[in-house]
There are 2 protein chains.
Amino acid sequence: MKLFMEPDSVAIIGVPRQTGQGINLVEHLLDHGYSGRIYPVNPNIPELLGLKAYPSILDVPEAVDLAVVLTHRSNVLSVVADCIKKGIRALVVSAGGFAELDSDGRNLQAEMVDLARGGGARIVGPNTFGVSNAFHNFTSAFARFQMKRVPVGMVCQSGLFFAGLPGLGLGKIFDLVNACDVDFADALEYYEQDEQVRVVLLHMEGVRDGRRFMEVARRVAARKPVIALKAATTDEGSRVAGSHSASLTGSGDVYRAMFRSCDLITVDSLGEMADAATALLRLPQMSGPRVAVMTFTMGGVVLFMDACQRWGLELAVISSETIARIKSLFLDWAPVENPVDLGSVFALSGQSQGEEIFTTLLGSLLQDPNVDAIVFMCPTILPFLSDYPRIVADLRARYGDKPVVSWIGEDGADVAGGDSVVVFDSPERVARALGHLWQYSRRQAPAA
Amino acid sequence: MKLFMEPDSVAIIGVPRQTGQGINLVEHLLDHGYSGRIYPVNPNIPELLGLKAYPSILDVPEAVDLAVVLTHRSNVLSVVADCIKKGIRALVVSAGGFAELDSDGRNLQAEMVDLARGGGARIVGPNTFGVSNAFHNFTSAFARFQMKRVPVGMVCQSGLFFAGLPGLGLGKIFDLVNACDVDFADALEYYEQDEQVRVVLLHMEGVRDGRRFMEVARRVAARKPVIALKAATTDEGSRVAGSHSASLTGSGDVYRAMFRSCDLITVDSLGEMADAATALLRLPQMSGPRVAVMTFTMGGVVLFMDACQRWGLELAVISSETIARIKSLFLDWAPVENPVDLGSVFALSGQSQGEEIFTTLLGSLLQDPNVDAIVFMCPTILPFLSDYPRIVADLRARYGDKPVVSWIGEDGADVAGGDSVVVFDSPERVARALGHLWQYSRRQAPAA
């Protein structure tokens, strides 16, 4: 799979002559700073963007790691045959019109696979953008997307992931779509060994070889978190998937049971996938389910605890040492307990000392052995909030390594810029992200 | 309830002398441009921000519509007695330390209610920010929040809503918290008659008089959409709610059944509430469940249709007139059907004609009698996307009034600026928003 993800040279067969419209892969690769050799193949143009173009892949003088096939389906067989003759071992077939379209396409796809197998070549696709690897400045997608070096690897059956997930970029992508040859297990094996990827995501409409998939998935999940979303779980969804990836979609329940038996983290939506990945990527693991909450809204804590129940998260009972440390900050009549009511604290002090008080409270909770994670709830915007990422980073460096997650309103996105803080826009999303983190942590470190 | 929401004069009893720290209600009202009379009451200061301050409410020379009581709980009874003597009929008691805290507080709250009832005054609270009305430039919240004239009215038991919901401002808020006197039914009756509010939201930890609530809620729901979120549906959530609003929280299932029997729209999270409200506020109603999809991602359509099933939404079968109108835009081998595969269309044309093609497709679908709503899926950013709100507005003006909803990736928030378009960041959120819209539309216009 390295030839797909980290090629030293790439031929782009059927590259269009138009540039400047966001559809020219040669142009994208130059823009991204890909440092390998690029061979445009198009019989109608002598050169493209300063690179010599070749009438056929057989005219390329040097060896080629990977070919991206953009030609009409009617030409694909002869192109694949030429690639094999040229000794190319990795092909991304972007063209559509195969098993997902009609019976002619189905036959064509089968012939193409036979041809490749006979010639020792592997195929990603057809009907796909192919691959993307921000760490190698490489993509095979003919549409234009940004790439970010985020240590998250995706295996999917849809080009939608090239645009990233809500709030989360994807550093590496295998987009299999029809998955005529290279399958989920192949892509997972690449991520198993890959040091650049710390969290793996799966988007699956259907898998052919369930046994091999489970074997590999279980192995990868023992090394790093694997988050799985089953698509096509309903009749209408399956019908659309049939004309999209030609997958045998099967029952959603069966797939989810399969995922769980491999210790994959199962999610039900793109938003849940993005939030779970963010938590597993950016937060330390939890040594228990006990959460301390610092809040400007007790109503928000009620909603948060409602959402926590299904994840087995609970409110921490903070230690008497912590209570002694923070008691003087509270109004005389206000209870000193978890959840910590910041409204009561700030009513006493005025917001001018906000940062100092916040630092004392968060520092005390980070040191408390009864606390496994801390949630900060601030639906409105406070003056010291712009310093919040720095405060959290400083405290975590001093007092150990527990997850700190925040619910911050409207302008939370700005605050979320810092690498040390994880911010969501509702208490339910905070609970879901921490819930996935706790469930994963628990499996990694079973009770002694 | 008009005295609470639209007072011509307000006394702020126990206003602090500090300004500039976001905690002074007199300062907030001046900033918001409140045009009524403001009477600061604090025996320790002669004036505040240019306004004469009074030692006691009894020293105020003119009549006063509303008093906001910010004093410590130990002074609240005497302050309430003074307000009644002064003839004030509406009180927001912001102070905490009542039924939510301990048995002393519970007794104090009961005494306060007796006092008010005896004197013909109503109380919102205690333990609350009280009210907010952007249309009147008025709030009783001592914390600083922005106000937006959005025709959405909230009745809640938490100050968190003063910061708005994710992506949605709230024009009017009754925050009842302990709800010792003014209750959900009272606030709903205000919205029933209110022309400025088109969508009503409920956040409820518990209600005392269920029978009266249901009677009023059913009446309001017959006039405008009412979206209800039950909080404190779990043991831990209820425990926190007990020390927050002192509510009798009851079973989540019982409350949801009650909401449904009144034709309220029930939601399970703040995000779902915000999305449902956005759909009902900004989209026309649906005359059927048939959705046409224009998409750059078929994988996204699979996820969308999976999420549509529980709402009874289905893929429209587009008419032969529409097919004839758009056929020439497609690659020869590509199916002309719903979902409309924009990738195939754009592969033929290049993106330079994007706007023209998009306009033809969307216009044709808006005219199709088999289509009840249109979804546009664009996880990446296209050159013509900045003109998208204008295109949609023009077409809707020409070809009738069907909902158009979009899933647009990362930069969707910028596009969402236009009033004519509704944008979400995932296919599941689009399905949920349209689902609520369809379920509401269906109840409004039962089959003939």
# chains A, B, ... in the order shown; residues from 1 in each chain; ligands from 1
$ residues_around --residues "range 288-291 of chain B" --least-positions-apart "4" --cutoff "9 Å" --atoms "only C-alpha atoms" --output "list in words"
Trp311, Gly312, Leu313, Glu314, Leu315, Ala316, Val317, Asn338, Asn370, Val371, Asp372, Ala373, Ile374, Val375, Gly435, Trp438, Gln439, Ser441 and Arg442 of chain B
$ write_last_selection --atoms "C-alpha atoms" --output "short mmCIF file (atom, residue, chain, number, x, y, z; two decimals), in the first residue's frame"
data_model
loop_
_atom_site.label_atom_id
_atom_site.label_comp_id
_atom_site.auth_asym_id
_atom_site.auth_seq_id
_atom_site.Cartn_x
_atom_site.Cartn_y
_atom_site.Cartn_z
CA TRP B 311 -38.70 10.99 9.81
CA GLY B 312 -40.67 9.44 6.96
CA LEU B 313 -38.79 11.44 4.33
CA GLU B 314 -38.21 9.75 0.97
CA LEU B 315 -36.41 10.37 -2.33
CA ALA B 316 -38.63 12.11 -4.89
CA VAL B 317 -39.17 10.42 -8.27
CA ASN B 338 -32.75 11.80 -8.22
CA ASN B 370 -43.15 15.65 -7.54
CA VAL B 371 -40.64 17.47 -5.33
CA ASP B 372 -41.47 18.84 -1.86
CA ALA B 373 -38.01 19.94 -0.69
CA ILE B 374 -34.52 20.22 -2.14
CA VAL B 375 -31.21 19.37 -0.50
CA GLY B 435 -37.58 15.78 9.41
CA TRP B 438 -42.01 17.69 7.59
CA GLN B 439 -43.53 16.26 10.77
CA SER B 441 -46.09 20.47 8.22
CA ARG B 442 -47.92 17.15 8.11
#
$ select_by_dssp --residues "range 87-128 of chain A" --states "helix (DSSP H, G or I)" --output "list in words"
Ser103, Asp104, Gly105, Arg106, Asn107, Leu108, Gln109, Ala110, Glu111, Met112, Val113, Asp114, Leu115, Ala116, Arg117, Gly118 and Gly119 of chain A
$ write_last_selection --atoms "N, CA and C atoms" --output "short mmCIF file (atom, residue, chain, number, x, y, z; two decimals), in the first residue's frame"
data_model
loop_
_atom_site.label_atom_id
_atom_site.label_comp_id
_atom_site.auth_asym_id
_atom_site.auth_seq_id
_atom_site.Cartn_x
_atom_site.Cartn_y
_atom_site.Cartn_z
N SER A 103 -24.95 -3.65 -15.84
CA SER A 103 -24.32 -4.97 -15.95
C SER A 103 -23.08 -4.90 -16.86
N ASP A 104 -23.08 -4.05 -17.89
CA ASP A 104 -21.87 -3.85 -18.68
C ASP A 104 -20.72 -3.41 -17.77
N GLY A 105 -21.03 -2.45 -16.92
CA GLY A 105 -20.01 -1.94 -16.00
C GLY A 105 -19.51 -3.01 -15.06
N ARG A 106 -20.45 -3.88 -14.63
CA ARG A 106 -20.07 -4.96 -13.71
C ARG A 106 -19.10 -5.91 -14.39
N ASN A 107 -19.40 -6.25 -15.62
CA ASN A 107 -18.50 -7.14 -16.37
C ASN A 107 -17.13 -6.49 -16.61
N LEU A 108 -17.18 -5.22 -16.97
CA LEU A 108 -15.95 -4.47 -17.21
C LEU A 108 -15.07 -4.47 -15.96
N GLN A 109 -15.71 -4.26 -14.83
CA GLN A 109 -14.96 -4.22 -13.56
C GLN A 109 -14.30 -5.58 -13.27
N ALA A 110 -15.06 -6.65 -13.53
CA ALA A 110 -14.51 -7.99 -13.29
C ALA A 110 -13.32 -8.26 -14.21
N GLU A 111 -13.44 -7.88 -15.48
CA GLU A 111 -12.33 -8.04 -16.43
C GLU A 111 -11.10 -7.26 -15.99
N MET A 112 -11.34 -6.03 -15.52
CA MET A 112 -10.24 -5.18 -15.08
C MET A 112 -9.50 -5.81 -13.90
N VAL A 113 -10.26 -6.37 -12.96
CA VAL A 113 -9.64 -7.00 -11.80
C VAL A 113 -8.81 -8.22 -12.23
N ASP A 114 -9.36 -9.04 -13.15
CA ASP A 114 -8.62 -10.20 -13.65
C ASP A 114 -7.30 -9.78 -14.29
N LEU A 115 -7.41 -8.74 -15.09
CA LEU A 115 -6.25 -8.20 -15.80
C LEU A 115 -5.17 -7.78 -14.80
N ALA A 116 -5.58 -7.02 -13.78
CA ALA A 116 -4.63 -6.51 -12.79
C ALA A 116 -4.00 -7.67 -12.01
N ARG A 117 -4.84 -8.60 -11.57
CA ARG A 117 -4.31 -9.72 -10.77
C ARG A 117 -3.31 -10.53 -11.58
N GLY A 118 -3.65 -10.76 -12.85
CA GLY A 118 -2.73 -11.48 -13.73
C GLY A 118 -1.40 -10.77 -13.88
N GLY A 119 -1.44 -9.43 -13.81
CA GLY A 119 -0.21 -8.64 -14.03
C GLY A 119 0.46 -8.22 -12.74
#
$ closest_atom_pairs --of "chain A" --to "chain B" --cutoff "7 Å" --atoms "only C-alpha atoms" --output "JSON lines"
{"residue": "A:Gln21", "atom": "CA", "partner": "B:Gln351", "partner_atom": "CA", "distance": 6.0}
{"residue": "A:Gln157", "atom": "CA", "partner": "B:Gly299", "partner_atom": "CA", "distance": 6.9}
{"residue": "A:Ser158", "atom": "CA", "partner": "B:Gly299", "partner_atom": "CA", "distance": 4.9}
{"residue": "A:Gly159", "atom": "CA", "partner": "B:Thr297", "partner_atom": "CA", "distance": 6.5}
{"residue": "A:Leu160", "atom": "CA", "partner": "B:Thr297", "partner_atom": "CA", "distance": 5.8}
{"residue": "A:Ala163", "atom": "CA", "partner": "B:Thr380", "partner_atom": "CA", "distance": 5.3}
{"residue": "A:Pro166", "atom": "CA", "partner": "B:Glu410", "partner_atom": "CA", "distance": 6.3}
{"residue": "A:Gly167", "atom": "CA", "partner": "B:Glu410", "partner_atom": "CA", "distance": 7.0}
{"residue": "A:Ala231", "atom": "CA", "partner": "B:Leu303", "partner_atom": "CA", "distance": 5.8}
{"residue": "A:Ala232", "atom": "CA", "partner": "B:Val302", "partner_atom": "CA", "distance": 5.8}
{"residue": "A:Thr233", "atom": "CA", "partner": "B:Asp306", "partner_atom": "CA", "distance": 6.0}
{"residue": "A:Thr234", "atom": "CA", "partner": "B:Asp306", "partner_atom": "CA", "distance": 5.3}
{"residue": "A:Glu236", "atom": "CA", "partner": "B:Met305", "partner_atom": "CA", "distance": 5.9}
{"residue": "A:Gly237", "atom": "CA", "partner": "B:Val302", "partner_atom": "CA", "distance": 4.5}
{"residue": "A:Val240", "atom": "CA", "partner": "B:Val302", "partner_atom": "CA", "distance": 5.8}
{"residue": "A:Ala241", "atom": "CA", "partner": "B:Val302", "partner_atom": "CA", "distance": 5.9}
{"residue": "A:His244", "atom": "CA", "partner": "B:Met298", "partner_atom": "CA", "distance": 6.0}
{"residue": "A:Ser269", "atom": "CA", "partner": "B:Glu428", "partner_atom": "CA", "distance": 6.5}
{"residue": "A:Leu270", "atom": "CA", "partner": "B:Ser426", "partner_atom": "CA", "distance": 6.6}
{"residue": "A:Gly271", "atom": "CA", "partner": "B:Ser426", "partner_atom": "CA", "distance": 6.9}
{"residue": "A:Thr297", "atom": "CA", "partner": "B:Leu160", "partner_atom": "CA", "distance": 5.8}
{"residue": "A:Met298", "atom": "CA", "partner": "B:His244", "partner_atom": "CA", "distance": 6.0}
{"residue": "A:Gly299", "atom": "CA", "partner": "B:Ser158", "partner_atom": "CA", "distance": 4.9}
{"residue": "A:Gly300", "atom": "CA", "partner": "B:Leu160", "partner_atom": "CA", "distance": 6.7}
{"residue": "A:Val302", "atom": "CA", "partner": "B:Gly237", "partner_atom": "CA", "distance": 4.5}
{"residue": "A:Leu303", "atom": "CA", "partner": "B:Ala231", "partner_atom": "CA", "distance": 5.8}
{"residue": "A:Met305", "atom": "CA", "partner": "B:Gly237", "partner_atom": "CA", "distance": 4.9}
{"residue": "A:Asp306", "atom": "CA", "partner": "B:Gly237", "partner_atom": "CA", "distance": 4.9}
{"residue": "A:Gln351", "atom": "CA", "partner": "B:Gln21", "partner_atom": "CA", "distance": 6.1}
{"residue": "A:Ser352", "atom": "CA", "partner": "B:Gln21", "partner_atom": "CA", "distance": 6.7}
{"residue": "A:Pro379", "atom": "CA", "partner": "B:Ala163", "partner_atom": "CA", "distance": 6.0}
{"residue": "A:Thr380", "atom": "CA", "partner": "B:Ala163", "partner_atom": "CA", "distance": 5.4}
{"residue": "A:Gly409", "atom": "CA", "partner": "B:Ala163", "partner_atom": "CA", "distance": 7.0}
{"residue": "A:Glu410", "atom": "CA", "partner": "B:Pro166", "partner_atom": "CA", "distance": 6.3}
{"residue": "A:Asp425", "atom": "CA", "partner": "B:Pro166", "partner_atom": "CA", "distance": 6.4}
{"residue": "A:Ser426", "atom": "CA", "partner": "B:Leu270", "partner_atom": "CA", "distance": 6.6}
{"residue": "A:Glu428", "atom": "CA", "partner": "B:Ser269", "partner_atom": "CA", "distance": 6.5}
$ closest_residue --among "A:Ser94, A:Thr249, A:Ser132, A:Thr295" --to "Val405 in chain A" --atoms "only C-alpha atoms"
A:Thr295
$ closest_residue --among "B:Leu385, B:Val92, B:Ile357, B:Met294" --to "Val340 in chain B" --atoms "only C-alpha atoms"
B:Met294
$ residues_around --residues "range 58-65 of chain B" --least-positions-apart "6" --cutoff "10 Å" --atoms "only C-alpha atoms" --output "CSV table (one decimal) with N, CA and C atoms, in the first residue's frame"
chain,number,residue,atom,x,y,z
B,2,LYS,N,-46.9,41.1,30.3
B,2,LYS,CA,-46.3,42.2,29.6
B,2,LYS,C,-45.4,43.1,30.5
B,3,LEU,N,-45.8,43.2,31.8
B,3,LEU,CA,-45.0,44.0,32.7
B,3,LEU,C,-43.6,43.4,32.8
B,4,PHE,N,-43.4,42.1,32.7
B,4,PHE,CA,-42.1,41.5,32.7
B,4,PHE,C,-41.3,41.7,31.4
B,6,GLU,N,-42.2,43.8,28.7
B,6,GLU,CA,-42.2,45.1,28.0
B,6,GLU,C,-42.4,46.2,29.0
B,7,PRO,N,-41.6,46.3,30.1
B,7,PRO,CA,-41.8,47.3,31.1
B,7,PRO,C,-41.4,48.7,30.6
B,8,ASP,N,-42.2,49.7,31.1
B,8,ASP,CA,-41.8,51.1,30.7
B,8,ASP,C,-40.9,51.7,31.8
B,9,SER,N,-40.8,51.0,32.9
B,9,SER,CA,-39.9,51.5,33.9
B,9,SER,C,-39.4,50.3,34.8
B,10,VAL,N,-38.2,50.3,35.2
B,10,VAL,CA,-37.6,49.2,36.0
B,10,VAL,C,-36.7,49.8,37.2
B,11,ALA,N,-36.9,49.1,38.3
B,11,ALA,CA,-36.1,49.4,39.5
B,11,ALA,C,-35.1,48.3,39.7
B,36,GLY,N,-37.0,52.8,28.5
B,36,GLY,CA,-37.8,53.1,29.7
B,36,GLY,C,-37.0,53.8,30.8
B,37,ARG,N,-37.7,54.1,31.9
B,37,ARG,CA,-37.0,54.7,33.0
B,37,ARG,C,-36.3,53.7,33.8
B,38,ILE,N,-35.1,54.0,34.3
B,38,ILE,CA,-34.3,53.1,35.1
B,38,ILE,C,-34.0,53.7,36.5
B,39,TYR,N,-34.4,53.0,37.5
B,39,TYR,CA,-34.1,53.4,38.9
B,39,TYR,C,-33.2,52.5,39.6
B,40,PRO,N,-31.9,52.9,39.7
B,40,PRO,CA,-31.0,52.1,40.5
B,40,PRO,C,-31.3,52.3,42.0
B,41,VAL,N,-31.4,51.2,42.8
B,41,VAL,CA,-31.6,51.2,44.2
B,41,VAL,C,-30.5,50.6,45.0
B,52,LYS,N,-29.8,59.1,39.0
B,52,LYS,CA,-30.0,59.2,40.5
B,52,LYS,C,-30.2,57.8,41.1
B,79,VAL,N,-37.5,43.4,51.0
B,79,VAL,CA,-37.5,44.1,49.7
B,79,VAL,C,-38.8,43.8,49.0
B,82,ASP,N,-41.5,45.8,50.5
B,82,ASP,CA,-41.4,47.2,50.1
B,82,ASP,C,-42.0,47.4,48.7
B,83,CYS,N,-41.6,46.5,47.8
B,83,CYS,CA,-42.1,46.6,46.4
B,83,CYS,C,-43.6,46.5,46.4
B,84,ILE,N,-44.2,45.7,47.2
B,84,ILE,CA,-45.7,45.6,47.2
B,84,ILE,C,-46.3,46.9,47.7
B,85,LYS,N,-45.7,47.4,48.8
B,85,LYS,CA,-46.1,48.7,49.3
B,85,LYS,C,-46.1,49.8,48.2
B,86,LYS,N,-45.0,49.7,47.4
B,86,LYS,CA,-44.8,50.7,46.3
B,86,LYS,C,-45.8,50.4,45.2
B,87,GLY,N,-46.5,49.3,45.2
B,87,GLY,CA,-47.5,49.0,44.1
B,87,GLY,C,-46.9,48.3,42.9
B,88,ILE,N,-45.8,47.8,43.1
B,88,ILE,CA,-45.1,47.0,41.9
B,88,ILE,C,-45.8,45.7,41.8
B,89,ARG,N,-46.2,45.3,40.5
B,89,ARG,CA,-46.9,44.1,40.3
B,89,ARG,C,-46.0,43.0,39.7
B,90,ALA,N,-44.8,43.3,39.3
B,90,ALA,CA,-43.9,42.3,38.6
B,90,ALA,C,-42.5,42.3,39.2
B,91,LEU,N,-42.1,41.2,39.7
B,91,LEU,CA,-40.8,41.1,40.3
B,91,LEU,C,-39.9,40.0,39.7
$ closest_residue --among "A:Ala187, A:Val197, A:Leu77, A:Leu366" --to "Val216 in chain A" --atoms "only C-alpha atoms"
A:Ala187
$ residues_around --residues "Leu48 in chain B" --least-positions-apart "6" --cutoff "9 Å" --atoms "only C-alpha atoms" --output "list in words"
Arg17, Thr19, Val26, Glu27 and Pro40 of chain B
$ decode --residues "range 80-90 of chain B" --atoms "all heavy atoms" --output "PDB file, in the first residue's frame"
ATOM      1  N   VAL B  80     -39.237  42.568  49.022  1.00  0.00           N
ATOM      2  CA  VAL B  80     -40.494  42.228  48.350  1.00  0.00           C
ATOM      3  C   VAL B  80     -41.659  42.977  49.018  1.00  0.00           C
ATOM      4  O   VAL B  80     -42.545  43.519  48.344  1.00  0.00           O
ATOM      5  CB  VAL B  80     -40.736  40.704  48.361  1.00  0.00           C
ATOM      6  CG1 VAL B  80     -42.147  40.358  47.883  1.00  0.00           C
ATOM      7  CG2 VAL B  80     -39.698  39.994  47.479  1.00  0.00           C
ATOM      8  N   ALA B  81     -41.637  43.042  50.351  1.00  0.00           N
ATOM      9  CA  ALA B  81     -42.690  43.764  51.070  1.00  0.00           C
ATOM     10  C   ALA B  81     -42.710  45.237  50.649  1.00  0.00           C
ATOM     11  O   ALA B  81     -43.786  45.809  50.390  1.00  0.00           O
ATOM     12  CB  ALA B  81     -42.471  43.639  52.580  1.00  0.00           C
ATOM     13  N   ASP B  82     -41.524  45.833  50.544  1.00  0.00           N
ATOM     14  CA  ASP B  82     -41.445  47.234  50.113  1.00  0.00           C
ATOM     15  C   ASP B  82     -41.999  47.414  48.693  1.00  0.00           C
ATOM     16  O   ASP B  82     -42.690  48.384  48.396  1.00  0.00           O
ATOM     17  CB  ASP B  82     -39.996  47.740  50.157  1.00  0.00           C
ATOM     18  CG  ASP B  82     -39.516  48.004  51.586  1.00  0.00           C
ATOM     19  OD1 ASP B  82     -40.361  47.951  52.510  1.00  0.00           O
ATOM     20  OD2 ASP B  82     -38.303  48.236  51.760  1.00  0.00           O
ATOM     21  N   CYS B  83     -41.646  46.473  47.815  1.00  0.00           N
ATOM     22  CA  CYS B  83     -42.109  46.572  46.419  1.00  0.00           C
ATOM     23  C   CYS B  83     -43.635  46.540  46.361  1.00  0.00           C
ATOM     24  O   CYS B  83     -44.259  47.288  45.605  1.00  0.00           O
ATOM     25  CB  CYS B  83     -41.543  45.423  45.581  1.00  0.00           C
ATOM     26  SG  CYS B  83     -39.782  45.606  45.229  1.00  0.00           S
ATOM     27  N   ILE B  84     -44.227  45.680  47.183  1.00  0.00           N
ATOM     28  CA  ILE B  84     -45.683  45.577  47.193  1.00  0.00           C
ATOM     29  C   ILE B  84     -46.288  46.885  47.715  1.00  0.00           C
ATOM     30  O   ILE B  84     -47.249  47.405  47.149  1.00  0.00           O
ATOM     31  CB  ILE B  84     -46.116  44.365  48.040  1.00  0.00           C
ATOM     32  CG1 ILE B  84     -45.798  43.086  47.242  1.00  0.00           C
ATOM     33  CG2 ILE B  84     -47.599  44.427  48.373  1.00  0.00           C
ATOM     34  CD1 ILE B  84     -45.871  41.824  48.051  1.00  0.00           C
ATOM     35  N   LYS B  85     -45.672  47.391  48.764  1.00  0.00           N
ATOM     36  CA  LYS B  85     -46.135  48.675  49.301  1.00  0.00           C
ATOM     37  C   LYS B  85     -46.068  49.765  48.236  1.00  0.00           C
ATOM     38  O   LYS B  85     -46.946  50.619  48.132  1.00  0.00           O
ATOM     39  CB  LYS B  85     -45.270  49.065  50.510  1.00  0.00           C
ATOM     40  CG  LYS B  85     -45.871  50.166  51.371  1.00  0.00           C
ATOM     41  CD  LYS B  85     -44.951  50.584  52.511  1.00  0.00           C
ATOM     42  CE  LYS B  85     -44.932  49.576  53.664  1.00  0.00           C
ATOM     43  NZ  LYS B  85     -43.986  50.019  54.748  1.00  0.00           N
ATOM     44  N   LYS B  86     -45.047  49.691  47.394  1.00  0.00           N
ATOM     45  CA  LYS B  86     -44.834  50.682  46.319  1.00  0.00           C
ATOM     46  C   LYS B  86     -45.811  50.447  45.154  1.00  0.00           C
ATOM     47  O   LYS B  86     -45.916  51.260  44.234  1.00  0.00           O
ATOM     48  CB  LYS B  86     -43.382  50.560  45.844  1.00  0.00           C
ATOM     49  CG  LYS B  86     -42.976  51.373  44.640  1.00  0.00           C
ATOM     50  CD  LYS B  86     -42.841  52.860  44.961  1.00  0.00           C
ATOM     51  CE  LYS B  86     -42.626  53.645  43.660  1.00  0.00           C
ATOM     52  NZ  LYS B  86     -42.958  55.055  43.816  1.00  0.00           N
ATOM     53  N   GLY B  87     -46.535  49.322  45.184  1.00  0.00           N
ATOM     54  CA  GLY B  87     -47.517  49.047  44.124  1.00  0.00           C
ATOM     55  C   GLY B  87     -46.943  48.347  42.912  1.00  0.00           C
ATOM     56  O   GLY B  87     -47.552  48.330  41.835  1.00  0.00           O
ATOM     57  N   ILE B  88     -45.773  47.752  43.057  1.00  0.00           N
ATOM     58  CA  ILE B  88     -45.150  47.050  41.923  1.00  0.00           C
ATOM     59  C   ILE B  88     -45.805  45.676  41.765  1.00  0.00           C
ATOM     60  O   ILE B  88     -45.986  44.949  42.730  1.00  0.00           O
ATOM     61  CB  ILE B  88     -43.623  46.921  42.148  1.00  0.00           C
ATOM     62  CG1 ILE B  88     -43.004  48.330  42.210  1.00  0.00           C
ATOM     63  CG2 ILE B  88     -42.977  46.092  41.028  1.00  0.00           C
ATOM     64  CD1 ILE B  88     -41.528  48.341  42.537  1.00  0.00           C
ATOM     65  N   ARG B  89     -46.166  45.314  40.496  1.00  0.00           N
ATOM     66  CA  ARG B  89     -46.900  44.064  40.263  1.00  0.00           C
ATOM     67  C   ARG B  89     -46.043  42.961  39.659  1.00  0.00           C
ATOM     68  O   ARG B  89     -46.529  41.851  39.470  1.00  0.00           O
ATOM     69  CB  ARG B  89     -48.067  44.353  39.305  1.00  0.00           C
ATOM     70  CG  ARG B  89     -48.947  45.535  39.724  1.00  0.00           C
ATOM     71  CD  ARG B  89     -49.846  45.156  40.891  1.00  0.00           C
ATOM     72  NE  ARG B  89     -50.755  44.106  40.509  1.00  0.00           N
ATOM     73  CZ  ARG B  89     -51.964  44.318  39.948  1.00  0.00           C
ATOM     74  NH1 ARG B  89     -52.385  45.548  39.746  1.00  0.00           N
ATOM     75  NH2 ARG B  89     -52.726  43.304  39.607  1.00  0.00           N
ATOM     76  N   ALA B  90     -44.799  43.315  39.282  1.00  0.00           N
ATOM     77  CA  ALA B  90     -43.942  42.316  38.617  1.00  0.00           C
ATOM     78  C   ALA B  90     -42.548  42.344  39.238  1.00  0.00           C
ATOM     79  O   ALA B  90     -41.910  43.394  39.269  1.00  0.00           O
ATOM     80  CB  ALA B  90     -43.863  42.593  37.124  1.00  0.00           C
TER      81      ALA B  90
END
